[in-house]
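Coordinates as given in work27.csv (CSV, C-alpha atoms and all ligand atoms):
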chain,number,residue,atom,x,y,z
A,1,MET,CA,0.0,0.0,0.0
A,2,GLU,CA,1.3,3.4,-0.9
A,3,LEU,CA,1.0,6.2,1.6
A,4,CYS,CA,2.2,9.8,1.4
A,5,PHE,CA,3.5,11.4,4.6
A,6,ALA,CA,2.4,15.0,4.3
A,7,THR,CA,5.4,16.7,5.8
A,8,ASN,CA,8.4,18.7,4.6
A,9,ASN,CA,10.4,17.8,7.7
A,10,GLN,CA,13.2,15.4,6.8
A,11,HIS,CA,13.7,14.5,10.5
A,12,LYS,CA,10.1,13.3,10.7
A,13,LEU,CA,10.4,11.4,7.4
A,14,ASP,CA,13.4,9.6,8.7
A,15,GLU,CA,11.7,8.8,12.1
A,16,VAL,CA,8.6,7.4,10.3
A,17,ALA,CA,10.3,5.7,7.4
A,18,ASN,CA,12.3,3.7,10.0
A,19,ARG,CA,9.1,2.2,11.4
A,20,LEU,CA,6.7,1.7,8.5
A,21,GLY,CA,8.4,-1.4,7.2
A,22,GLN,CA,7.9,-3.2,4.0
A,23,THR,CA,4.1,-3.4,3.9
A,24,PHE,CA,3.7,0.3,3.3
A,25,LYS,CA,5.6,2.3,0.7
A,26,LEU,CA,6.2,5.7,2.0
A,27,LYS,CA,5.8,8.6,-0.5
A,28,THR,CA,7.0,12.1,0.2
A,29,LEU,CA,5.2,15.3,-0.9
A,30,ARG,CA,7.8,15.7,-3.5
A,31,ASP,CA,7.1,12.2,-4.9
A,32,ILE,CA,3.4,13.2,-5.5
A,33,GLY,CA,4.4,16.6,-7.0
A,34,CYS,CA,3.2,18.7,-4.0
A,35,THR,CA,5.3,21.8,-3.4
A,36,ASP,CA,2.4,23.7,-1.8
A,37,GLU,CA,2.6,25.2,1.7
A,38,LEU,CA,0.2,23.0,3.7
A,39,PRO,CA,-2.4,24.9,5.7
A,40,GLU,CA,-2.0,25.0,9.5
A,41,THR,CA,-4.5,27.6,10.6
A,42,SER,CA,-7.0,25.8,12.8
A,43,GLY,CA,-5.5,26.9,16.1
A,44,THR,CA,-5.3,23.3,17.5
A,45,ILE,CA,-2.9,20.4,17.1
A,46,PRO,CA,-5.6,17.9,16.0
A,47,GLY,CA,-7.2,20.5,13.7
A,48,ASN,CA,-3.9,21.3,12.0
A,49,SER,CA,-3.1,17.7,11.6
A,50,ARG,CA,-6.5,17.1,9.9
A,51,GLN,CA,-6.1,20.2,7.7
A,52,LYS,CA,-2.8,19.0,6.3
A,53,ALA,CA,-4.0,15.5,5.5
A,54,ASP,CA,-7.3,16.8,4.0
A,55,TYR,CA,-5.3,19.2,1.8
A,56,VAL,CA,-3.2,16.4,0.3
A,57,TRP,CA,-6.3,14.2,-0.2
A,58,THR,CA,-8.4,16.9,-1.8
A,59,HIS,CA,-5.7,18.3,-4.1
A,60,PHE,CA,-3.7,15.1,-5.0
A,61,GLY,CA,-6.2,12.3,-4.4
A,62,VAL,CA,-3.7,10.0,-2.6
A,63,SER,CA,-4.0,8.0,0.6
A,64,CYS,CA,-1.9,9.9,3.1
A,65,PHE,CA,-1.2,10.9,6.6
A,66,ALA,CA,-0.1,14.1,8.3
A,67,ASP,CA,1.0,14.9,11.8
A,68,ASP,CA,1.0,18.0,13.9
A,69,SER,CA,2.9,18.2,17.1
A,70,GLY,CA,3.8,20.6,19.9
A,71,LEU,CA,5.5,21.0,23.2
A,72,GLU,CA,3.2,21.8,26.2
A,73,VAL,CA,4.8,23.3,29.3
A,74,ASP,CA,2.7,23.2,32.4
A,75,ALA,CA,4.1,26.4,34.0
A,76,LEU,CA,3.4,28.2,30.8
A,77,ASN,CA,-0.2,27.2,30.7
A,78,GLY,CA,0.4,24.8,27.8
A,79,GLU,CA,2.6,27.1,25.7
A,80,PRO,CA,4.1,26.9,23.2
A,81,GLY,CA,1.5,24.2,22.2
A,82,VAL,CA,0.1,24.7,18.7
A,83,ASP,CA,2.5,27.7,18.3
A,84,SER,CA,5.6,25.5,18.9
A,85,ALA,CA,7.1,26.0,15.4
A,86,PHE,CA,7.0,29.8,15.6
A,87,TYR,CA,7.1,30.5,19.3
A,88,SER,CA,9.8,33.1,19.0
A,89,GLY,CA,8.2,34.7,16.0
A,90,SER,CA,10.3,32.8,13.5
A,91,ARG,CA,10.9,29.1,12.7
A,92,ASP,CA,14.2,29.2,14.5
A,93,SER,CA,14.7,26.3,17.0
A,94,GLU,CA,17.5,28.1,18.9
A,95,LYS,CA,15.3,31.2,19.4
A,96,ASN,CA,12.3,29.1,20.3
A,97,ILE,CA,14.3,27.2,22.9
A,98,GLN,CA,15.7,30.4,24.3
A,99,LYS,CA,12.2,31.8,24.7
A,100,VAL,CA,11.0,28.7,26.6
A,101,LEU,CA,14.1,28.9,28.9
A,102,ASN,CA,13.7,32.7,29.5
A,103,ASN,CA,10.0,32.2,30.3
A,104,LEU,CA,10.9,29.4,32.8
A,105,ALA,CA,13.9,31.3,34.3
A,106,VAL,CA,12.6,31.4,37.9
A,107,GLU,CA,10.2,28.5,37.6
A,108,THR,CA,10.7,25.2,39.5
A,109,ASN,CA,7.8,23.3,37.9
A,110,ARG,CA,9.5,22.1,34.7
A,111,LYS,CA,6.9,19.5,33.7
A,112,ALA,CA,6.1,19.3,30.0
A,113,ARG,CA,5.0,16.9,27.3
A,114,PHE,CA,5.3,16.5,23.6
A,115,ILE,CA,2.0,15.7,21.8
A,116,THR,CA,1.5,14.5,18.3
A,117,VAL,CA,-1.7,13.8,16.4
A,118,PHE,CA,-1.6,11.8,13.2
A,119,THR,CA,-4.5,12.1,10.7
A,120,LEU,CA,-4.8,9.2,8.3
A,121,VAL,CA,-6.9,9.6,5.1
A,122,LEU,CA,-7.4,6.3,3.2
A,123,GLN,CA,-9.1,5.9,-0.1
A,124,GLY,CA,-12.2,3.9,0.8
A,125,ARG,CA,-14.9,2.3,-1.3
A,126,ASP,CA,-16.0,4.4,-4.4
A,127,ALA,CA,-13.1,6.7,-3.6
A,128,VAL,CA,-14.8,8.0,-0.5
A,129,PRO,CA,-12.1,8.9,2.0
A,130,VAL,CA,-11.9,7.2,5.5
A,131,GLU,CA,-10.3,9.4,8.2
A,132,HIS,CA,-8.8,8.4,11.5
A,133,GLN,CA,-6.7,10.2,14.1
A,134,PHE,CA,-4.1,8.7,16.4
A,135,LYS,CA,-2.5,10.6,19.4
A,136,GLY,CA,0.9,10.1,21.1
A,137,ILE,CA,2.1,11.8,24.2
A,138,VAL,CA,5.5,11.7,26.0
A,139,ASP,CA,5.9,13.3,29.4
A,140,GLY,CA,9.1,14.8,30.6
A,141,ARG,CA,10.6,18.0,31.9
A,142,ILE,CA,12.5,21.1,30.6
A,143,LEU,CA,16.1,21.4,31.5
A,144,THR,CA,17.7,24.8,32.4
A,145,GLU,CA,20.1,24.6,29.4
A,146,PRO,CA,20.3,22.6,26.1
A,147,ARG,CA,22.1,19.3,25.9
A,148,GLY,CA,22.9,17.2,22.8
A,149,THR,CA,23.1,17.8,19.1
A,150,GLY,CA,20.7,15.3,17.6
A,151,GLY,CA,17.0,15.5,16.8
A,152,PHE,CA,15.4,18.8,16.1
A,153,GLY,CA,13.2,21.5,17.6
A,154,TYR,CA,13.0,21.4,21.4
A,155,ASP,CA,14.8,18.1,21.7
A,156,PRO,CA,17.9,19.6,23.4
A,157,ILE,CA,15.9,20.9,26.4
A,158,PHE,CA,13.4,18.0,26.8
A,159,LEU,CA,14.3,15.2,29.2
A,160,PRO,CA,11.7,12.3,28.9
A,161,ASP,CA,10.5,10.8,32.2
A,162,GLY,CA,12.5,7.8,33.2
A,163,HIS,CA,15.6,8.7,31.1
A,164,ASP,CA,18.8,10.6,31.9
A,165,ARG,CA,19.4,11.9,28.3
A,166,THR,CA,17.5,14.4,26.3
A,167,PHE,CA,15.9,13.5,23.0
A,168,ALA,CA,18.9,15.4,21.4
A,169,GLU,CA,21.3,13.0,23.1
A,170,MET,CA,19.6,9.9,21.9
A,171,SER,CA,20.0,8.1,18.6
A,172,ILE,CA,17.1,8.3,16.1
A,173,ASP,CA,16.3,4.6,17.0
A,174,GLU,CA,16.2,5.3,20.8
A,175,LYS,CA,14.0,8.4,20.3
A,176,GLY,CA,11.9,6.3,17.9
A,177,LEU,CA,11.0,3.8,20.6
A,178,ILE,CA,9.6,6.3,23.1
A,179,SER,CA,8.7,9.6,21.4
A,180,HIS,CA,5.2,11.0,21.0
A,181,ARG,CA,5.4,10.5,17.3
A,182,ALA,CA,6.5,6.8,17.8
A,183,GLN,CA,3.5,6.2,20.0
A,184,ALA,CA,1.0,7.8,17.6
A,185,LEU,CA,2.7,6.0,14.7
A,186,ALA,CA,2.5,2.6,16.5
A,187,LYS,CA,-1.3,3.1,16.9
A,188,MET,CA,-1.6,4.0,13.2
A,189,ILE,CA,0.4,1.1,12.0
A,190,MET,CA,-1.7,-1.3,14.1
A,191,TYR,CA,-4.8,0.1,12.5
A,192,LEU,CA,-3.3,-0.1,9.0
A,193,GLN,CA,-2.2,-3.7,9.4
A,194,LYS,CA,-5.8,-4.6,10.3
A,195,GLN,CA,-7.0,-3.0,7.1
A,196,VAL,CA,-4.4,-4.9,5.1
A,197,HIS,CA,-4.4,-8.3,6.8
A,198,GLY,CA,-8.0,-8.2,8.2
B,201,LIG,P1,4.8,20.3,13.7
B,201,LIG,O1,3.7,21.3,13.5
B,201,LIG,O2,4.4,18.9,13.9
B,201,LIG,O3,5.9,20.4,12.6
B,201,LIG,O4,5.6,20.7,15.1
B,201,LIG,C1,5.6,22.0,15.5
B,201,LIG,C2,6.9,22.2,16.2
B,201,LIG,O5,6.9,21.4,17.4
B,201,LIG,C3,8.2,21.9,15.5
B,201,LIG,O6,8.6,22.9,14.7
B,201,LIG,C4,9.1,21.7,16.7
B,201,LIG,O7,9.6,22.9,17.1
B,201,LIG,C5,8.2,21.1,17.8
B,201,LIG,N1,8.4,19.6,17.7
B,201,LIG,C6,7.5,18.7,17.2
B,201,LIG,N2,7.9,17.5,17.4
B,201,LIG,C7,9.1,17.6,18.0
B,201,LIG,C8,10.1,16.6,18.4
B,201,LIG,O8,10.0,15.4,18.2
B,201,LIG,N3,11.2,17.1,19.0
B,201,LIG,C9,11.4,18.5,19.2
B,201,LIG,N4,10.5,19.4,18.8
B,201,LIG,C10,9.4,19.0,18.2

Produce structure tokens that represent the structure in this file.
Amino acid sequence: MELCFATNNQHKLDEVANRLGQTFKLKTLRDIGCTDELPETSGTIPGNSRQKADYVWTHFGVSCFADDSGLEVDALNGEPGVDSAFYSGSRDSEKNIQKVLNNLAVETNRKARFITVFTLVLQGRDAVPVEHQFKGIVDGRILTEPRGTGGFGYDPIFLPDGHDRTFAEMSIDEKGLISHRAQALAKMIMYLQKQVHG
């Protein structure tokens, strides 16, 4: 089964390609000829995820999935949340990290979580699309300074619960076992396998 992952983020593509296996052939936006900026204007993580998948289905007619993710920090009332990519005003991970650290400067409650929602749109009978969402969450806390050079986004300041290394200090395979995206993806793969194998 061919499935397009509606993302331009190479890190996410690598994380997901690792896990999809042989049953599903992963196509990129470039593979299907999509160079458009995908819409993310709903104001929520599940809403943005759905918008991106619906856009690809509507304009390109291929079975696809999209994700939308964000970092929620308890002491910041859930910020950056749906604004994670542009928290500092630009899509600059270092500036975004610095803004989180500055906002938490005198804060002792460092609890946070990454959230991902995948939206899967499959071509159903008579080309009617079937849509499902899958959520993944990983709890952790925000360090006082960045550690590690791997990963992307807020990885250098996020220490997942039960671990002593940040996501940026883990290999892609280690992060791929526990991350929010890994958990949502595992749910989606289980669903897809049922569709294929019954
Ligand atoms: P997106 O909308 O799914 O691309 O995610 C929005 C933003 O959340 C990204 O630009 C990153 O800053 C942050 N983010 C999402 N997933 C991760 C992750 O696995 N590690 C670090 N940051 C992430």

10 Å contact set for A:Tyr87, all atoms listed in the file, chain neighbours under 5 positions out, as a PyMOL selection string: chain A and resi 79-82+92-93+95-100

Output the neighbourhood of ligand LIG 201 (chain B) as a ChimeraX atom specification, that is, all protein and nucleic acid residues with some atom at most 8 Å from the ligand, counting all atoms listed in the file. /A:7,9,12,40,45,48-49,67-71,81-86,91,93,96,114-116,151-156,158,167,179-181

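The neighbours of stretch 127-131 of chain A here are the residues that come within 12 Å of it, using all atoms listed in the file and leaving out any residue fewer than 3 positions away in the same chain; they are Ser49, Arg50, Gln51, Ala53, Asp54, Val56, Trp57, Thr58, Gly61, Val62, Ser63, Cys64, Phe65, Ala66, Phe118, Thr119, Leu120, Val121, Leu122, Gln123, Gly124, Phe134, Met188, Tyr191, Leu192 and Gln195 of chain A.
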
Could you pull the residues within 12 Å of A:Glu174, counting only C-alpha atoms, minus those fewer than 4 positions along the same chain, as a list in words?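 With the cut-off at 12 Å, the set is Glu15, Asn18, Gly150, Gly151, Pro160, His163, Arg165, Thr166, Phe167, Ala168, Glu169, Met170, Ile178, Ser179 and Ala182 of chain A.
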
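Using only C-alpha atoms, the smallest distance between any of A:Gly33, A:Thr144, A:Lys135, A:Gly78 and A:Asn102 comes from A:Thr144.
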
Sel. within 12 Å of pt (2.3, -0.2, 13.8), counting only C-alpha atoms, output as an mmCIF file with C-alpha atoms, keeping the file's coordinate frame:
data_model
loop_
_atom_site.group_PDB
_atom_site.id
_atom_site.type_symbol
_atom_site.label_atom_id
_atom_site.label_comp_id
_atom_site.auth_asym_id
_atom_site.auth_seq_id
_atom_site.Cartn_x
_atom_site.Cartn_y
_atom_site.Cartn_z
ATOM 1 C CA VAL A 16 8.600 7.400 10.300
ATOM 2 C CA ALA A 17 10.300 5.700 7.400
ATOM 3 C CA ASN A 18 12.300 3.700 10.000
ATOM 4 C CA ARG A 19 9.100 2.200 11.400
ATOM 5 C CA LEU A 20 6.700 1.700 8.500
ATOM 6 C CA GLY A 21 8.400 -1.400 7.200
ATOM 7 C CA GLN A 22 7.900 -3.200 4.000
ATOM 8 C CA THR A 23 4.100 -3.400 3.900
ATOM 9 C CA PHE A 24 3.700 0.300 3.300
ATOM 10 C CA PHE A 134 -4.100 8.700 16.400
ATOM 11 C CA LEU A 177 11.000 3.800 20.600
ATOM 12 C CA ARG A 181 5.400 10.500 17.300
ATOM 13 C CA ALA A 182 6.500 6.800 17.800
ATOM 14 C CA GLN A 183 3.500 6.200 20.000
ATOM 15 C CA ALA A 184 1.000 7.800 17.600
ATOM 16 C CA LEU A 185 2.700 6.000 14.700
ATOM 17 C CA ALA A 186 2.500 2.600 16.500
ATOM 18 C CA LYS A 187 -1.300 3.100 16.900
ATOM 19 C CA MET A 188 -1.600 4.000 13.200
ATOM 20 C CA ILE A 189 0.400 1.100 12.000
ATOM 21 C CA MET A 190 -1.700 -1.300 14.100
ATOM 22 C CA TYR A 191 -4.800 0.100 12.500
ATOM 23 C CA LEU A 192 -3.300 -0.100 9.000
ATOM 24 C CA GLN A 193 -2.200 -3.700 9.400
ATOM 25 C CA LYS A 194 -5.800 -4.600 10.300
ATOM 26 C CA GLN A 195 -7.000 -3.000 7.100
ATOM 27 C CA VAL A 196 -4.400 -4.900 5.100
#

What is the atom CA of A:Val117-atom CA of A:Val138 distance in Å, reported with one decimal?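 Taking atom CA of A:Val117 and atom CA of A:Val138, their separation equals 12.2 Å.
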
Please provide the set of residues having any atom within 9 Å of A:Thr28, restricted to all atoms listed in the file, with same-chain residues fewer than 5 positions apart removed, written as a ChimeraX atom specification. /A:3-8,13,33-34

Given the choices A:Asp31, A:Gly148, A:Ile137, A:Ala75, which gets closest to A:Glu2 if the distance is worked out from only C-alpha atoms? A:Asp31

Correct to one decimal, the distance atom CA of A:Val73-atom CA of A:Arg113 is 6.7 Å

Atom CA of A:Pro39 to atom CA of A:Lys25: how many Å, to one decimal? 24.5 Å
